[in-house]
$ cat protein-v3.cif   # mmCIF, C-alpha atoms
data_run
#
loop_
_atom_site.group_PDB
_atom_site.id
_atom_site.type_symbol
_atom_site.label_atom_id
_atom_site.label_comp_id
_atom_site.auth_asym_id
_atom_site.auth_seq_id
_atom_site.Cartn_x
_atom_site.Cartn_y
_atom_site.Cartn_z
ATOM 1 C CA MET A 4 -41.224 -27.551 56.053
ATOM 2 C CA THR A 5 -44.216 -28.363 53.936
ATOM 3 C CA ASN A 6 -45.870 -26.386 51.190
ATOM 4 C CA PRO A 7 -49.569 -26.388 50.363
ATOM 5 C CA LEU A 8 -50.659 -28.989 47.836
ATOM 6 C CA ASP A 9 -52.080 -27.876 44.505
ATOM 7 C CA ALA A 10 -55.070 -29.498 42.780
ATOM 8 C CA GLN A 11 -52.886 -31.960 40.872
ATOM 9 C CA ASP A 12 -51.104 -33.012 44.081
ATOM 10 C CA GLU A 13 -54.446 -33.527 45.784
ATOM 11 C CA ARG A 14 -55.724 -35.639 42.877
ATOM 12 C CA PHE A 15 -52.637 -37.874 42.840
ATOM 13 C CA LEU A 16 -52.550 -38.190 46.630
ATOM 14 C CA ALA A 17 -56.236 -39.158 46.610
ATOM 15 C CA LYS A 18 -55.294 -41.901 44.110
ATOM 16 C CA THR A 19 -52.726 -43.342 46.539
ATOM 17 C CA ILE A 20 -55.260 -43.280 49.361
ATOM 18 C CA GLU A 21 -57.718 -45.152 47.126
ATOM 19 C CA ILE A 22 -55.008 -47.737 46.369
ATOM 20 C CA SER A 23 -54.430 -48.139 50.109
ATOM 21 C CA ARG A 24 -58.191 -48.516 50.675
ATOM 22 C CA ARG A 25 -58.394 -51.247 47.998
ATOM 23 C CA ALA A 26 -55.638 -53.127 49.811
ATOM 24 C CA LEU A 27 -58.088 -53.684 52.662
ATOM 25 C CA GLU A 28 -60.008 -56.032 50.358
ATOM 26 C CA ASP A 29 -57.009 -58.307 49.707
ATOM 27 C CA GLU A 30 -56.035 -60.929 52.272
ATOM 28 C CA GLY A 31 -52.623 -60.232 53.743
ATOM 29 C CA LYS A 32 -52.203 -56.713 52.324
ATOM 30 C CA THR A 33 -51.515 -53.699 54.468
ATOM 31 C CA PRO A 34 -53.137 -50.323 53.750
ATOM 32 C CA PHE A 35 -50.469 -48.515 51.772
ATOM 33 C CA GLY A 36 -50.439 -47.161 48.232
ATOM 34 C CA ALA A 37 -47.945 -45.220 46.150
ATOM 35 C CA ILE A 38 -47.499 -43.847 42.648
ATOM 36 C CA VAL A 39 -44.667 -42.278 40.680
ATOM 37 C CA VAL A 40 -45.739 -39.373 38.491
ATOM 38 C CA ILE A 41 -43.685 -37.859 35.666
ATOM 39 C CA GLY A 42 -44.970 -35.020 33.518
ATOM 40 C CA GLY A 43 -48.434 -35.258 35.046
ATOM 41 C CA GLU A 44 -48.771 -38.975 34.174
ATOM 42 C CA ILE A 45 -48.714 -41.984 36.482
ATOM 43 C CA VAL A 46 -45.756 -44.134 35.390
ATOM 44 C CA GLY A 47 -45.643 -46.504 38.361
ATOM 45 C CA GLU A 48 -48.135 -47.766 40.912
ATOM 46 C CA GLY A 49 -47.718 -49.959 43.948
ATOM 47 C CA THR A 50 -49.385 -51.370 46.993
ATOM 48 C CA SER A 51 -47.824 -53.198 49.892
ATOM 49 C CA SER A 52 -47.217 -56.767 48.699
ATOM 50 C CA VAL A 53 -44.932 -57.970 51.501
ATOM 51 C CA VAL A 54 -47.064 -60.917 52.612
ATOM 52 C CA GLU A 55 -48.314 -61.839 49.146
ATOM 53 C CA LEU A 56 -44.809 -61.946 47.647
ATOM 54 C CA ARG A 57 -43.082 -63.072 50.856
ATOM 55 C CA ASP A 58 -40.729 -60.153 50.280
ATOM 56 C CA PRO A 59 -40.003 -57.744 53.161
ATOM 57 C CA THR A 60 -38.975 -55.071 50.631
ATOM 58 C CA ALA A 61 -42.245 -55.166 48.655
ATOM 59 C CA HIS A 62 -43.619 -51.973 50.215
ATOM 60 C CA ALA A 63 -45.934 -49.741 48.177
ATOM 61 C CA GLU A 64 -43.251 -47.175 47.338
ATOM 62 C CA VAL A 65 -40.721 -49.817 46.283
ATOM 63 C CA MET A 66 -43.355 -51.545 44.151
ATOM 64 C CA ALA A 67 -44.243 -48.193 42.512
ATOM 65 C CA LEU A 68 -40.555 -47.560 41.754
ATOM 66 C CA ARG A 69 -40.165 -51.070 40.317
ATOM 67 C CA HIS A 70 -43.259 -50.563 38.153
ATOM 68 C CA ALA A 71 -41.995 -47.166 36.947
ATOM 69 C CA GLY A 72 -38.593 -48.653 36.151
ATOM 70 C CA SER A 73 -40.154 -51.460 34.179
ATOM 71 C CA ASN A 74 -42.431 -49.079 32.285
ATOM 72 C CA LEU A 75 -39.737 -46.529 31.474
ATOM 73 C CA GLY A 76 -36.689 -48.764 31.149
ATOM 74 C CA ARG A 77 -34.638 -46.798 33.665
ATOM 75 C CA HIS A 78 -33.941 -46.663 37.394
ATOM 76 C CA LEU A 79 -33.490 -42.933 38.010
ATOM 77 C CA PHE A 80 -36.456 -40.572 38.165
ATOM 78 C CA GLU A 81 -35.023 -37.073 38.600
ATOM 79 C CA ASP A 82 -38.139 -35.818 36.818
ATOM 80 C CA GLY A 83 -40.634 -37.637 39.048
ATOM 81 C CA ILE A 84 -42.763 -37.148 42.110
ATOM 82 C CA MET A 85 -43.541 -39.936 44.575
ATOM 83 C CA TYR A 86 -47.014 -39.814 46.065
ATOM 84 C CA ALA A 87 -47.654 -42.131 49.008
ATOM 85 C CA SER A 88 -50.671 -42.700 51.202
ATOM 86 C CA SER A 89 -48.397 -42.505 54.259
ATOM 87 C CA GLU A 90 -44.968 -41.151 55.063
ATOM 88 C CA PRO A 91 -42.542 -43.756 53.750
ATOM 89 C CA CYS A 92 -40.638 -45.993 56.142
ATOM 90 C CA PRO A 93 -36.847 -45.481 56.232
ATOM 91 C CA MET A 94 -36.278 -48.167 53.564
ATOM 92 C CA CYS A 95 -38.777 -46.596 51.170
ATOM 93 C CA LEU A 96 -37.490 -43.090 51.827
ATOM 94 C CA MET A 97 -33.986 -44.285 50.955
ATOM 95 C CA ALA A 98 -35.358 -45.970 47.819
ATOM 96 C CA CYS A 99 -36.705 -42.559 46.787
ATOM 97 C CA TYR A 100 -33.267 -41.058 47.365
ATOM 98 C CA TRP A 101 -31.587 -43.864 45.384
ATOM 99 C CA ALA A 102 -34.068 -43.286 42.539
ATOM 100 C CA ARG A 103 -33.272 -39.549 42.668
ATOM 101 C CA ILE A 104 -36.928 -38.639 43.234
ATOM 102 C CA PRO A 105 -36.804 -34.862 43.881
ATOM 103 C CA ARG A 106 -40.185 -34.567 45.625
ATOM 104 C CA LEU A 107 -42.292 -36.707 47.948
ATOM 105 C CA VAL A 108 -45.929 -36.032 48.842
ATOM 106 C CA PHE A 109 -47.703 -38.151 51.462
ATOM 107 C CA GLY A 110 -50.928 -38.343 53.451
ATOM 108 C CA ALA A 111 -50.548 -39.841 56.941
ATOM 109 C CA SER A 112 -47.392 -39.141 58.977
ATOM 110 C CA SER A 113 -45.126 -41.688 60.665
ATOM 111 C CA HIS A 114 -46.800 -40.701 63.939
ATOM 112 C CA ASP A 115 -50.204 -41.480 62.439
ATOM 113 C CA VAL A 116 -48.923 -44.853 61.187
ATOM 114 C CA ALA A 117 -47.408 -45.671 64.609
ATOM 115 C CA THR A 118 -50.820 -45.130 66.182
ATOM 116 C CA TYR A 119 -52.023 -48.189 64.271
ATOM 117 C CA GLY A 120 -49.129 -50.473 65.146
ATOM 118 C CA PHE A 121 -46.673 -49.938 62.304
ATOM 119 C CA GLU A 122 -42.998 -49.664 63.300
ATOM 120 C CA ASP A 123 -41.790 -46.969 60.895
ATOM 121 C CA LEU A 124 -41.204 -44.354 63.606
ATOM 122 C CA GLN A 125 -39.304 -46.867 65.745
ATOM 123 C CA PHE A 126 -37.099 -47.715 62.741
ATOM 124 C CA TYR A 127 -36.386 -44.019 62.113
ATOM 125 C CA ARG A 128 -35.225 -43.761 65.734
ATOM 126 C CA GLU A 129 -33.221 -46.975 65.459
ATOM 127 C CA ILE A 130 -31.149 -45.938 62.430
ATOM 128 C CA ALA A 131 -30.361 -42.602 64.100
ATOM 129 C CA GLN A 132 -28.522 -44.546 66.833
ATOM 130 C CA PRO A 133 -24.785 -45.214 66.656
ATOM 131 C CA ILE A 134 -24.075 -48.698 65.254
ATOM 132 C CA ASP A 135 -23.122 -50.091 68.671
ATOM 133 C CA ARG A 136 -26.512 -49.071 70.149
ATOM 134 C CA ARG A 137 -28.763 -50.557 67.436
ATOM 135 C CA SER A 138 -30.766 -53.713 68.059
ATOM 136 C CA LEU A 139 -29.380 -55.286 64.853
ATOM 137 C CA ARG A 140 -25.866 -56.558 65.406
ATOM 138 C CA GLU A 141 -23.552 -55.214 62.698
ATOM 139 C CA ASP A 142 -20.058 -56.708 62.366
ATOM 140 C CA LEU A 143 -17.431 -55.188 60.044
ATOM 141 C CA ALA A 144 -14.912 -57.609 58.561
ATOM 142 C CA GLU A 145 -11.247 -56.768 58.901
ATOM 143 C CA GLY A 146 -8.117 -58.014 57.203
ATOM 144 C CA THR A 147 -8.170 -60.060 54.008
ATOM 145 C CA LEU A 148 -11.941 -60.267 53.539
ATOM 146 C CA ARG A 149 -12.409 -56.520 53.902
ATOM 147 C CA ALA A 150 -9.501 -55.916 51.514
ATOM 148 C CA GLN A 151 -11.061 -58.298 48.966
ATOM 149 C CA ALA A 152 -14.433 -56.576 49.240
ATOM 150 C CA ILE A 153 -12.783 -53.179 48.764
ATOM 151 C CA GLU A 154 -10.839 -54.480 45.741
ATOM 152 C CA VAL A 155 -14.132 -55.416 44.017
ATOM 153 C CA LEU A 156 -15.402 -51.868 44.607
ATOM 154 C CA ARG A 157 -12.138 -50.405 43.268
ATOM 155 C CA ALA A 158 -12.291 -52.621 40.151
ATOM 156 C CA TRP A 159 -15.870 -51.464 39.492
ATOM 157 C CA ALA A 160 -14.938 -47.792 39.930
ATOM 158 C CA ASP A 161 -11.911 -48.188 37.644
ATOM 159 C CA LYS A 162 -14.233 -49.244 34.796
ATOM 160 C CA LEU A 163 -16.381 -46.122 35.032
ATOM 161 C CA PRO A 164 -15.941 -43.466 32.320
ATOM 162 C CA GLU A 165 -15.517 -40.679 34.913
ATOM 163 C CA PRO A 166 -13.553 -40.673 38.161
ATOM 164 C CA VAL A 167 -15.543 -41.505 41.269
ATOM 165 C CA VAL A 168 -16.232 -38.634 43.649
ATOM 166 C CA PRO A 169 -16.129 -39.864 47.269
ATOM 167 C CA LYS A 170 -19.343 -39.156 49.188
ATOM 168 C CA PHE A 171 -18.073 -38.746 52.769
#
$ encode --input "protein-v3.cif" --output "C-alpha cells"
Amino acid sequence: MTNPLDAQDERFLAKTIEISRRALEDEGKTPFGAIVVIGGEIVGEGTSSVVELRDPTAHAEVMALRHAGSNLGRHLFEDGIMYASSEPCPMCLMACYWARIPRLVFGASSHDVATYGFEDLQFYREIAQPIDRRSLREDLAEGTLRAQAIEVLRAWADKLPEPVVPKF
C-alpha cells in the first residue's frame, strides 16, 4: 500500500529523476538515480555505474548507500529514506534492507522498467522460485566443507558481545 507523497518527498524524488536524466549524457550509463536522505539532508547520491566501473553491483541505490556510508562513517541508516528514480531491483531492495532503511520512495515501477527492457521484474519472479527451479544452479556443500564453513560462522558469533538470535 502506498501513501501520498508530501512536498519534501516530491522534491527529493524529482532530484533522483534528474540524476537519472543526467545519466543519459554519459556513455554506458543507464537511466537510474538514487539518494539517501537523513534529517532532510542528502547524505548519499548514486547513479548506475555498472558499465563504467565494470561492477554488476554498482546500481544507483547501492552507489547511494556506499556514498552515504562513506560520508557518515557507518553502514546502517535506520534514520534514512531511500529515494530512487525507479523501483529497486531485488539486489538493491535487499541492500536497503541490509542498511536498515525504514522507507523507500520511488518513481517508475518494476513493470514500467520492464517495458524498456530491464530485467528487474523477471529477477523478482526468479528469486520467488524454489531453489531447484531457478535458472542459476545452486549447489550446497555437505560434509567437511559445510562443517568448516559453519565453524567460521560459529566462531564469529562467539565473539559477539550479545548472544545471536536465530532468524529462521
$ closest_residue --input "protein-v3.cif" --among "A:Lys18, A:Arg137, A:Arg103, A:Lys170" --to "A:Ala87" --atoms "all atoms listed in the file"
A:Lys18
$ residues_near_point --input "protein-v3.cif" --point "(-56.9, -46.0, 46.2)" --cutoff "10 Å" --atoms "only C-alpha atoms" --output "PyMOL selection string"
chain A and resi 15-26+34-37+50+88
$ atom_distance --input "protein-v3.cif" --atom1 "atom CA of A:Glu165" --atom2 "atom CA of A:Arg77"
20.1 Å
$ atom_distance --input "protein-v3.cif" --atom1 "atom CA of A:Ile45" --atom2 "atom CA of A:Pro93"
23.3 Å
$ resolve_selection --input "protein-v3.cif" --expression "the PyMOL selection byres ((chain A and resi 82) around 10)" --output "short mmCIF file (atom, residue, chain, number, x, y, z; two decimals) with C-alpha atoms, in the coordinates of the input"
data_model
loop_
_atom_site.label_atom_id
_atom_site.label_comp_id
_atom_site.auth_asym_id
_atom_site.auth_seq_id
_atom_site.Cartn_x
_atom_site.Cartn_y
_atom_site.Cartn_z
CA VAL A 39 -44.67 -42.28 40.68
CA VAL A 40 -45.74 -39.37 38.49
CA ILE A 41 -43.68 -37.86 35.67
CA GLY A 42 -44.97 -35.02 33.52
CA LEU A 79 -33.49 -42.93 38.01
CA PHE A 80 -36.46 -40.57 38.16
CA GLU A 81 -35.02 -37.07 38.60
CA GLY A 83 -40.63 -37.64 39.05
CA ILE A 84 -42.76 -37.15 42.11
CA ARG A 103 -33.27 -39.55 42.67
CA ILE A 104 -36.93 -38.64 43.23
CA PRO A 105 -36.80 -34.86 43.88
CA ARG A 106 -40.18 -34.57 45.62
#
$ atom_distance --input "protein-v3.cif" --atom1 "atom CA of A:Arg128" --atom2 "atom CA of A:Ile38"
26.1 Å
$ resolve_selection --input "protein-v3.cif" --expression "the PyMOL selection byres ((chain A and resi 47) around 10)" --output "VMD selection string"
chain A and resid 37 to 41 44 to 46 48 to 49 64 to 75 85
$ resolve_selection --input "protein-v3.cif" --expression "the PyMOL selection byres ((chain A and resi 53) around 10)" --output "PyMOL selection string"
chain A and resi 31-33+50-52+54-63+66
$ closest_residue --input "protein-v3.cif" --among "A:Gly146, A:Pro166, A:Pro7, A:Pro91" --to "A:His114" --atoms "all atoms listed in the file"
A:Pro91
$ closest_residue --input "protein-v3.cif" --among "A:Val108, A:His78, A:Arg157, A:Ala102" --to "A:Glu90" --atoms "all atoms listed in the file"
A:Val108
$ closest_residue --input "protein-v3.cif" --among "A:Cys92, A:Phe171, A:Ala10, A:Tyr86" --to "A:Glu129" --atoms "only C-alpha atoms"
A:Cys92
$ build_atoms --input "protein-v3.cif" --residues "stretch 154-165 of chain A" --atoms "all heavy atoms" --output "mmCIF file, in the frame of the given file"
data_model
loop_
_atom_site.group_PDB
_atom_site.id
_atom_site.type_symbol
_atom_site.label_atom_id
_atom_site.label_comp_id
_atom_site.auth_asym_id
_atom_site.auth_seq_id
_atom_site.Cartn_x
_atom_site.Cartn_y
_atom_site.Cartn_z
ATOM 1 N N GLU A 154 -11.436 -54.309 47.073
ATOM 2 C CA GLU A 154 -10.839 -54.480 45.741
ATOM 3 C C GLU A 154 -11.920 -54.608 44.667
ATOM 4 O O GLU A 154 -11.776 -54.069 43.565
ATOM 5 C CB GLU A 154 -9.905 -55.689 45.711
ATOM 6 C CG GLU A 154 -9.298 -55.944 44.341
ATOM 7 C CD GLU A 154 -8.635 -54.719 43.696
ATOM 8 O OE1 GLU A 154 -7.990 -53.924 44.420
ATOM 9 O OE2 GLU A 154 -8.762 -54.547 42.473
ATOM 10 N N VAL A 155 -13.018 -55.308 44.974
ATOM 11 C CA VAL A 155 -14.132 -55.416 44.017
ATOM 12 C C VAL A 155 -14.715 -54.030 43.746
ATOM 13 O O VAL A 155 -14.986 -53.676 42.592
ATOM 14 C CB VAL A 155 -15.216 -56.388 44.530
ATOM 15 C CG1 VAL A 155 -16.444 -56.360 43.633
ATOM 16 C CG2 VAL A 155 -14.661 -57.805 44.647
ATOM 17 N N LEU A 156 -14.887 -53.231 44.785
ATOM 18 C CA LEU A 156 -15.402 -51.868 44.607
ATOM 19 C C LEU A 156 -14.442 -51.039 43.751
ATOM 20 O O LEU A 156 -14.876 -50.310 42.848
ATOM 21 C CB LEU A 156 -15.610 -51.195 45.965
ATOM 22 C CG LEU A 156 -16.697 -51.788 46.844
ATOM 23 C CD1 LEU A 156 -16.628 -51.198 48.246
ATOM 24 C CD2 LEU A 156 -18.070 -51.556 46.225
ATOM 25 N N ARG A 157 -13.144 -51.161 44.028
ATOM 26 C CA ARG A 157 -12.138 -50.405 43.268
ATOM 27 C C ARG A 157 -12.164 -50.823 41.796
ATOM 28 O O ARG A 157 -12.101 -49.980 40.899
ATOM 29 C CB ARG A 157 -10.747 -50.627 43.867
ATOM 30 C CG ARG A 157 -9.655 -49.796 43.197
ATOM 31 C CD ARG A 157 -8.278 -49.976 43.837
ATOM 32 N NE ARG A 157 -8.293 -49.586 45.243
ATOM 33 C CZ ARG A 157 -8.127 -50.442 46.272
ATOM 34 N NH1 ARG A 157 -7.936 -51.719 46.060
ATOM 35 N NH2 ARG A 157 -8.147 -50.004 47.505
ATOM 36 N N ALA A 158 -12.262 -52.127 41.534
ATOM 37 C CA ALA A 158 -12.291 -52.621 40.151
ATOM 38 C C ALA A 158 -13.509 -52.075 39.409
ATOM 39 O O ALA A 158 -13.425 -51.702 38.240
ATOM 40 C CB ALA A 158 -12.284 -54.149 40.139
ATOM 41 N N TRP A 159 -14.649 -52.025 40.103
ATOM 42 C CA TRP A 159 -15.870 -51.464 39.492
ATOM 43 C C TRP A 159 -15.649 -49.985 39.166
ATOM 44 O O TRP A 159 -15.931 -49.538 38.053
ATOM 45 C CB TRP A 159 -17.060 -51.640 40.441
ATOM 46 C CG TRP A 159 -18.283 -50.926 39.981
ATOM 47 C CD1 TRP A 159 -19.188 -51.345 39.049
ATOM 48 C CD2 TRP A 159 -18.737 -49.644 40.429
ATOM 49 N NE1 TRP A 159 -20.182 -50.393 38.892
ATOM 50 C CE2 TRP A 159 -19.917 -49.338 39.732
ATOM 51 C CE3 TRP A 159 -18.257 -48.715 41.359
ATOM 52 C CZ2 TRP A 159 -20.625 -48.173 39.927
ATOM 53 C CZ3 TRP A 159 -18.966 -47.544 41.557
ATOM 54 C CH2 TRP A 159 -20.129 -47.280 40.830
ATOM 55 N N ALA A 160 -15.147 -49.230 40.119
ATOM 56 C CA ALA A 160 -14.938 -47.792 39.930
ATOM 57 C C ALA A 160 -13.939 -47.521 38.805
ATOM 58 O O ALA A 160 -14.098 -46.560 38.051
ATOM 59 C CB ALA A 160 -14.463 -47.150 41.232
ATOM 60 N N ASP A 161 -12.918 -48.370 38.699
ATOM 61 C CA ASP A 161 -11.911 -48.188 37.644
ATOM 62 C C ASP A 161 -12.501 -48.340 36.239
ATOM 63 O O ASP A 161 -11.940 -47.825 35.277
ATOM 64 C CB ASP A 161 -10.754 -49.182 37.829
ATOM 65 C CG ASP A 161 -9.877 -48.840 39.020
ATOM 66 O OD1 ASP A 161 -9.991 -47.707 39.543
ATOM 67 O OD2 ASP A 161 -9.090 -49.716 39.443
ATOM 68 N N LYS A 162 -13.598 -49.043 36.108
ATOM 69 C CA LYS A 162 -14.233 -49.244 34.796
ATOM 70 C C LYS A 162 -15.159 -48.099 34.400
ATOM 71 O O LYS A 162 -15.613 -48.039 33.261
ATOM 72 C CB LYS A 162 -15.049 -50.547 34.809
ATOM 73 C CG LYS A 162 -14.205 -51.785 34.866
ATOM 74 C CD LYS A 162 -15.102 -53.012 34.824
ATOM 75 C CE LYS A 162 -14.286 -54.286 34.792
ATOM 76 N NZ LYS A 162 -15.162 -55.469 34.679
ATOM 77 N N LEU A 163 -15.466 -47.224 35.328
ATOM 78 C CA LEU A 163 -16.381 -46.122 35.032
ATOM 79 C C LEU A 163 -15.726 -45.104 34.104
ATOM 80 O O LEU A 163 -14.506 -44.891 34.162
ATOM 81 C CB LEU A 163 -16.822 -45.442 36.334
ATOM 82 C CG LEU A 163 -17.652 -46.315 37.280
ATOM 83 C CD1 LEU A 163 -17.926 -45.569 38.581
ATOM 84 C CD2 LEU A 163 -18.960 -46.742 36.626
ATOM 85 N N PRO A 164 -16.518 -44.439 33.267
ATOM 86 C CA PRO A 164 -15.941 -43.466 32.320
ATOM 87 C C PRO A 164 -15.414 -42.199 32.998
ATOM 88 O O PRO A 164 -14.545 -41.530 32.467
ATOM 89 C CB PRO A 164 -17.111 -43.139 31.392
ATOM 90 C CG PRO A 164 -18.330 -43.488 32.173
ATOM 91 C CD PRO A 164 -17.951 -44.602 33.094
ATOM 92 N N GLU A 165 -15.952 -41.864 34.171
ATOM 93 C CA GLU A 165 -15.517 -40.679 34.913
ATOM 94 C C GLU A 165 -14.975 -41.110 36.269
ATOM 95 O O GLU A 165 -15.415 -42.109 36.819
ATOM 96 C CB GLU A 165 -16.712 -39.726 35.128
ATOM 97 C CG GLU A 165 -17.359 -39.229 33.851
ATOM 98 C CD GLU A 165 -16.479 -38.267 33.086
ATOM 99 O OE1 GLU A 165 -15.749 -37.485 33.721
ATOM 100 O OE2 GLU A 165 -16.515 -38.307 31.842
#
